[in-house]
>>> print(open('data-v7.csv').read())   # CSV, C-alpha atoms
chain,number,residue,atom,x,y,z
A,645,MET,CA,-25.6,4.9,-16.2
A,646,ALA,CA,-26.2,8.0,-14.2
A,647,CYS,CA,-29.6,8.7,-12.7
A,648,ILE,CA,-29.4,12.4,-13.9
A,649,LYS,CA,-27.8,14.0,-16.9
A,650,LEU,CA,-24.5,15.8,-16.8
A,651,LYS,CA,-25.9,19.2,-17.6
A,652,LYS,CA,-28.6,18.9,-14.9
A,653,LEU,CA,-26.0,17.7,-12.4
A,654,GLU,CA,-23.8,20.8,-13.1
A,655,THR,CA,-26.8,23.1,-12.8
A,656,PHE,CA,-27.6,21.6,-9.3
A,657,LEU,CA,-24.0,21.9,-8.1
A,658,GLN,CA,-23.8,25.6,-9.2
A,659,SER,CA,-26.1,26.3,-6.3
A,660,VAL,CA,-23.8,24.7,-3.6
A,661,ASP,CA,-22.7,27.5,-1.3
A,662,ASP,CA,-19.0,28.1,-1.1
A,663,PHE,CA,-16.7,29.4,1.6
A,664,VAL,CA,-17.4,33.0,0.7
A,665,LYS,CA,-19.3,33.6,3.9
A,666,LEU,CA,-16.4,32.3,5.9
A,667,LYS,CA,-13.0,33.6,6.8
A,668,VAL,CA,-11.1,31.0,4.8
A,669,LYS,CA,-8.2,29.4,6.6
A,670,VAL,CA,-4.9,29.5,4.7
A,671,LYS,CA,-3.4,26.4,6.3
A,672,LEU,CA,-6.5,24.3,5.3
A,673,GLU,CA,-6.2,25.4,1.7
A,674,GLN,CA,-9.9,25.9,1.4
A,675,TYR,CA,-10.9,26.0,-2.2
A,676,MET,CA,-14.2,24.6,-3.4
A,677,THR,CA,-14.1,22.2,-6.3
A,678,PRO,CA,-15.6,24.2,-9.2
A,679,PRO,CA,-19.0,22.9,-10.2
A,680,HIS,CA,-18.1,22.2,-13.8
A,681,ILE,CA,-15.1,20.0,-12.7
A,682,ALA,CA,-17.0,18.3,-9.9
A,683,SER,CA,-20.0,17.4,-12.1
A,684,GLN,CA,-17.8,16.0,-14.9
A,685,VAL,CA,-15.6,14.0,-12.5
A,686,LEU,CA,-18.6,12.5,-10.7
A,687,TYR,CA,-20.5,11.8,-13.8
A,688,ASP,CA,-17.5,9.9,-15.3
A,689,ILE,CA,-17.1,8.0,-12.1
A,690,GLN,CA,-20.6,6.8,-12.3
A,691,THR,CA,-21.0,6.2,-16.0
A,692,LYS,CA,-17.6,4.6,-16.7
A,693,PHE,CA,-17.1,2.6,-13.4
A,694,LYS,CA,-20.6,2.5,-11.8
A,695,ASP,CA,-18.9,3.6,-8.6
A,696,LEU,CA,-21.5,5.9,-7.0
A,697,GLU,CA,-25.1,4.6,-7.4
A,698,ASP,CA,-26.0,2.3,-4.5
A,699,ARG,CA,-22.5,2.7,-3.1
A,700,SER,CA,-21.4,4.0,0.4
A,701,VAL,CA,-19.2,7.0,-0.1
A,702,LEU,CA,-16.8,8.9,2.1
A,703,ASP,CA,-15.6,12.4,1.1
A,704,LEU,CA,-12.4,13.4,2.8
A,705,GLY,CA,-11.9,17.1,3.4
A,706,CYS,CA,-15.4,17.6,2.1
A,707,GLY,CA,-15.5,21.4,2.7
A,708,SER,CA,-18.9,22.8,1.9
A,709,GLY,CA,-20.0,19.5,0.3
A,710,MET,CA,-19.6,19.8,-3.5
A,711,LEU,CA,-18.4,16.2,-4.1
A,712,SER,CA,-20.6,14.8,-1.4
A,713,ILE,CA,-23.8,16.4,-2.7
A,714,GLY,CA,-22.9,15.4,-6.3
A,715,ALA,CA,-22.4,11.8,-5.2
A,716,ALA,CA,-25.7,11.8,-3.4
A,717,LEU,CA,-27.5,13.2,-6.4
A,718,LEU,CA,-26.0,10.5,-8.6
A,719,GLY,CA,-27.6,7.8,-6.4
A,720,ALA,CA,-25.1,6.9,-3.6
A,721,SER,CA,-26.8,4.8,-0.9
A,722,TYR,CA,-25.3,7.2,1.7
A,723,VAL,CA,-22.5,9.7,1.8
A,724,ILE,CA,-20.4,10.9,4.8
A,725,GLY,CA,-18.3,14.0,4.5
A,726,ALA,CA,-15.3,14.4,6.8
A,727,GLU,CA,-14.1,17.9,7.6
A,728,ILE,CA,-12.0,19.5,10.3
A,729,ASP,CA,-13.4,23.0,10.0
A,730,PRO,CA,-16.6,23.6,12.0
A,731,ASP,CA,-17.6,26.5,9.8
A,732,ALA,CA,-17.3,24.4,6.7
A,733,VAL,CA,-19.4,21.7,8.3
A,734,GLU,CA,-22.1,24.2,9.1
A,735,ILE,CA,-22.3,25.3,5.4
A,736,PHE,CA,-22.2,21.6,4.3
A,737,LEU,CA,-25.2,20.8,6.5
A,738,LYS,CA,-27.0,23.9,5.3
A,739,ASN,CA,-26.4,22.9,1.7
A,740,CYS,CA,-27.7,19.4,2.3
A,741,THR,CA,-30.9,20.8,3.9
A,742,GLU,CA,-31.5,23.1,0.9
A,743,PHE,CA,-31.1,20.1,-1.4
A,744,GLU,CA,-33.4,18.0,0.8
A,745,LEU,CA,-31.0,15.1,0.9
A,746,ALA,CA,-31.6,12.5,3.6
A,747,ASN,CA,-28.8,10.1,2.7
A,748,ILE,CA,-25.9,12.4,3.5
A,749,ASP,CA,-24.2,13.6,6.6
A,750,CYS,CA,-21.0,15.3,7.8
A,751,VAL,CA,-18.7,14.7,10.7
A,752,GLN,CA,-16.2,17.3,12.1
A,753,VAL,CA,-13.0,15.3,12.5
A,754,ASP,CA,-9.3,15.4,11.6
A,755,VAL,CA,-9.1,13.3,8.5
A,756,LEU,CA,-5.8,11.8,9.7
A,757,GLN,CA,-7.7,10.3,12.7
A,758,LEU,CA,-10.4,8.7,10.7
A,759,GLU,CA,-9.3,5.1,10.9
A,760,THR,CA,-9.9,5.0,14.6
A,761,LEU,CA,-13.5,6.3,14.0
A,762,PHE,CA,-14.6,4.2,11.1
A,763,GLY,CA,-12.1,1.2,10.8
A,764,VAL,CA,-10.5,-0.3,7.7
A,765,GLY,CA,-12.6,-0.8,4.5
A,766,GLN,CA,-15.8,0.7,5.8
A,767,PHE,CA,-16.8,2.5,2.6
A,768,ASP,CA,-17.2,1.3,-0.9
A,769,ILE,CA,-15.8,4.4,-2.4
A,770,VAL,CA,-13.7,7.3,-1.1
A,771,LEU,CA,-13.6,10.7,-2.9
A,772,MET,CA,-11.3,13.6,-2.2
A,773,ASN,CA,-9.9,16.8,-3.5
A,774,PRO,CA,-7.3,17.1,-0.8
A,775,PRO,CA,-5.2,20.1,0.1
A,776,PHE,CA,-2.2,20.1,-2.2
A,777,GLY,CA,0.3,20.9,0.6
A,778,THR,CA,1.5,24.2,-0.9
A,779,LYS,CA,1.4,26.4,2.3
A,780,GLN,CA,3.7,25.0,4.9
A,781,ASN,CA,1.7,21.7,4.8
A,782,SER,CA,4.0,19.5,2.6
A,783,GLY,CA,2.9,15.9,2.3
A,784,ILE,CA,-0.7,16.4,3.4
A,785,ASP,CA,-2.1,15.3,0.0
A,786,MET,CA,-0.4,11.9,0.4
A,787,ALA,CA,-1.4,11.6,4.0
A,788,PHE,CA,-5.1,12.1,2.9
A,789,LEU,CA,-4.6,9.5,0.1
A,790,HIS,CA,-3.1,7.0,2.6
A,791,VAL,CA,-6.1,7.4,4.8
A,792,GLY,CA,-8.5,7.0,1.9
A,793,ILE,CA,-6.9,3.8,0.7
A,794,LYS,CA,-7.3,2.4,4.2
A,795,LEU,CA,-11.0,3.2,4.5
A,796,ALA,CA,-12.2,2.2,1.0
A,797,ARG,CA,-13.2,-1.3,0.0
A,798,CYS,CA,-13.3,-0.8,-3.8
A,799,ALA,CA,-11.7,2.4,-5.1
A,800,VAL,CA,-10.4,5.8,-4.2
A,801,TYR,CA,-10.9,8.8,-6.5
A,802,SER,CA,-8.5,11.7,-5.8
A,803,MET,CA,-7.3,14.9,-7.4
A,804,HIS,CA,-3.6,15.9,-7.2
A,805,LYS,CA,-1.3,18.4,-8.9
A,806,SER,CA,0.0,16.9,-12.1
A,807,SER,CA,3.5,17.9,-11.1
A,808,THR,CA,3.3,15.2,-8.4
A,809,ARG,CA,2.3,12.4,-10.8
A,810,ASP,CA,5.6,10.5,-10.8
A,811,PHE,CA,5.9,10.7,-7.1
A,812,ILE,CA,2.4,9.3,-6.6
A,813,ARG,CA,3.1,6.5,-9.0
A,814,LYS,CA,6.1,5.4,-7.0
A,815,LYS,CA,4.4,5.8,-3.6
A,816,VAL,CA,1.3,3.8,-4.4
A,817,ALA,CA,3.5,1.1,-6.0
A,818,GLN,CA,5.2,0.8,-2.6
A,819,TRP,CA,1.7,0.5,-1.1
A,820,ASN,CA,0.9,-2.3,-3.6
A,821,VAL,CA,-2.0,-0.3,-4.9
A,822,LYS,CA,-2.9,0.1,-8.6
A,823,GLY,CA,-3.3,3.8,-9.6
A,824,THR,CA,-4.4,5.2,-12.9
A,825,VAL,CA,-4.6,8.8,-14.1
A,826,LEU,CA,-8.1,9.1,-15.6
A,827,ALA,CA,-7.8,12.7,-16.8
A,828,GLU,CA,-5.7,15.9,-16.5
A,829,LEU,CA,-7.9,18.8,-15.5
A,830,ARG,CA,-7.4,22.6,-15.7
A,831,TYR,CA,-8.2,23.7,-12.3
A,832,ASN,CA,-8.9,27.5,-12.2
A,833,LEU,CA,-8.3,28.8,-8.7
A,834,GLU,CA,-9.8,32.3,-8.1
A,835,SER,CA,-8.0,34.8,-5.8
A,836,THR,CA,-9.1,33.8,-2.3
A,837,TYR,CA,-6.3,34.8,0.1
A,838,LYS,CA,-4.4,38.1,0.7
A,839,PHE,CA,-1.2,36.6,-0.7
A,840,HIS,CA,-2.7,35.9,-4.1
A,841,LYS,CA,-1.2,38.4,-6.6
A,842,ARG,CA,-3.5,37.4,-9.6
A,843,SER,CA,-7.2,37.2,-9.9
A,844,SER,CA,-7.0,33.6,-10.9
A,845,VAL,CA,-4.5,30.9,-11.9
A,846,ASP,CA,-4.8,27.7,-13.9
A,847,VAL,CA,-3.4,24.6,-12.1
A,848,ALA,CA,-2.9,21.3,-13.9
A,849,VAL,CA,-4.6,18.6,-11.7
A,850,ASP,CA,-4.8,14.9,-12.3
A,851,LEU,CA,-7.9,12.8,-11.5
A,852,TRP,CA,-6.6,9.5,-10.1
A,853,ARG,CA,-8.4,6.2,-9.6
A,854,PHE,CA,-6.9,3.8,-7.1
A,855,ASP,CA,-8.3,0.3,-7.6
A,856,LEU,CA,-8.3,-1.7,-4.3
A,857,LEU,CA,-10.0,-4.8,-5.7
A,858,SER,CA,-7.2,-5.7,-8.1
A,859,GLY,CA,-4.3,-4.6,-5.9
A,860,GLY,CA,-3.3,-4.9,-2.3
A,861,ARG,CA,-4.0,-2.7,0.6
A,862,VAL,CA,-1.8,-0.6,2.9
A,863,ASP,CA,-0.7,-2.6,5.8
A,864,SER,CA,-0.5,0.2,8.4
A,865,ILE,CA,-1.6,3.8,8.5
A,866,GLU,CA,0.5,5.0,11.4
A,867,ALA,CA,4.0,5.8,10.2
A,868,THR,CA,3.3,6.8,6.6
A,869,THR,CA,1.8,10.2,7.6
A,870,LYS,CA,5.2,11.0,9.3
A,871,ALA,CA,7.1,9.6,6.4
A,872,VAL,CA,5.5,11.8,3.7
A,873,VAL,CA,5.2,15.0,5.7
>>> encode(input="data-v7.csv", output="C-alpha cells")
Amino acid sequence: MACIKLKKLETFLQSVDDFVKLKVKVKLEQYMTPPHIASQVLYDIQTKFKDLEDRSVLDLGCGSGMLSIGAALLGASYVIGAEIDPDAVEIFLKNCTEFELANIDCVQVDVLQLETLFGVGQFDIVLMNPPFGTKQNSGIDMAFLHVGIKLARCAVYSMHKSSTRDFIRKKVAQWNVKGTVLAELRYNLESTYKFHKRSSVDVAVDLWRFDLLSGGRVDSIEATTKAVV
C-alpha cells in the first residue's frame, strides 16, 4: 500500500515549481510531468508493485523534481535525481527544501555518463520521463532507457510516445529484458516554446515497466547510444 492517499499525493505535487522561472532549453525538451499524471503513475507503481517504499530510486532527467519528490513522499528510502541543466537542478533542490525532504538529492550530470558515476545495478528502481527525441535529438529516449536498465536492480519505469511502442518492444527483446506497457496516458503539453503553434496538444504516451528480475540485463552500455541515435 501507499503511505499517503492518491488525492493527497496529487495535491502535494501541484505545488512543485516548474520551469516557468527558467528560459527553457529546446534541445533538452523541458516539460514537467503534469501532477495528475505523476501522482497516478507513482501511486500505481507503489500499490501494484510495491516498488517505491523502502526502495532506492534514481530519476533520470529529473528536471524540477516531480517524479523524485513523489517517490520520496511515497516512502522511498532515498532518491537521487540526475539532471544536466544546472538551472533545473537549482529548482529541484529548492522544491526539496520547501517539502522538507531529507532523503532526496540531485546531481548535475549528463545521464549518458551515469554508469561511470554510479556503476551497474546501484539502484532498486529507476524512474524516467525522458526527452522524446523530437527536436534534432532522435534516439535520446532509447539512450536514456538503456542507461536506466544498466543502473537498476529490479525495475525501470519509463514514459515513451505510444507511436514508438513496436520499436521499443523489439529493442528491449534484443536486450533480453521483459517490457510491459502498463497504461496509455494522454499527456497534455502546454505551449512552452516559440515554435509551438497551439496553446496545448495531447500526446499519447505509454507507461512501461521493464522487469530486470525475470529477464536479463544489457551486457554493455557503450555502443548502444551510438546505435540508436
>>> atom_distance(input="data-v7.csv", atom1="CA of Leu686 in chain A", atom2="CA of Tyr831 in chain A")
15.4 Å
>>> closest_residue(input="data-v7.csv", among="A:Ala787, A:Ile648, A:Ala732, A:Val685", to="Trp852 in chain A", atoms="only C-alpha atoms")
A:Val685
>>> closest_residue(input="data-v7.csv", among="A:Ile784, A:Ile812, A:Leu653, A:Val847", to="Leu829 in chain A", atoms="all atoms listed in the file")
A:Val847
>>> atom_distance(input="data-v7.csv", atom1="CA of Pro774 in chain A", atom2="CA of Asp850 in chain A")
12.0 Å
>>> atom_distance(input="data-v7.csv", atom1="CA of Val701 in chain A", atom2="CA of Asp810 in chain A")
27.2 Å
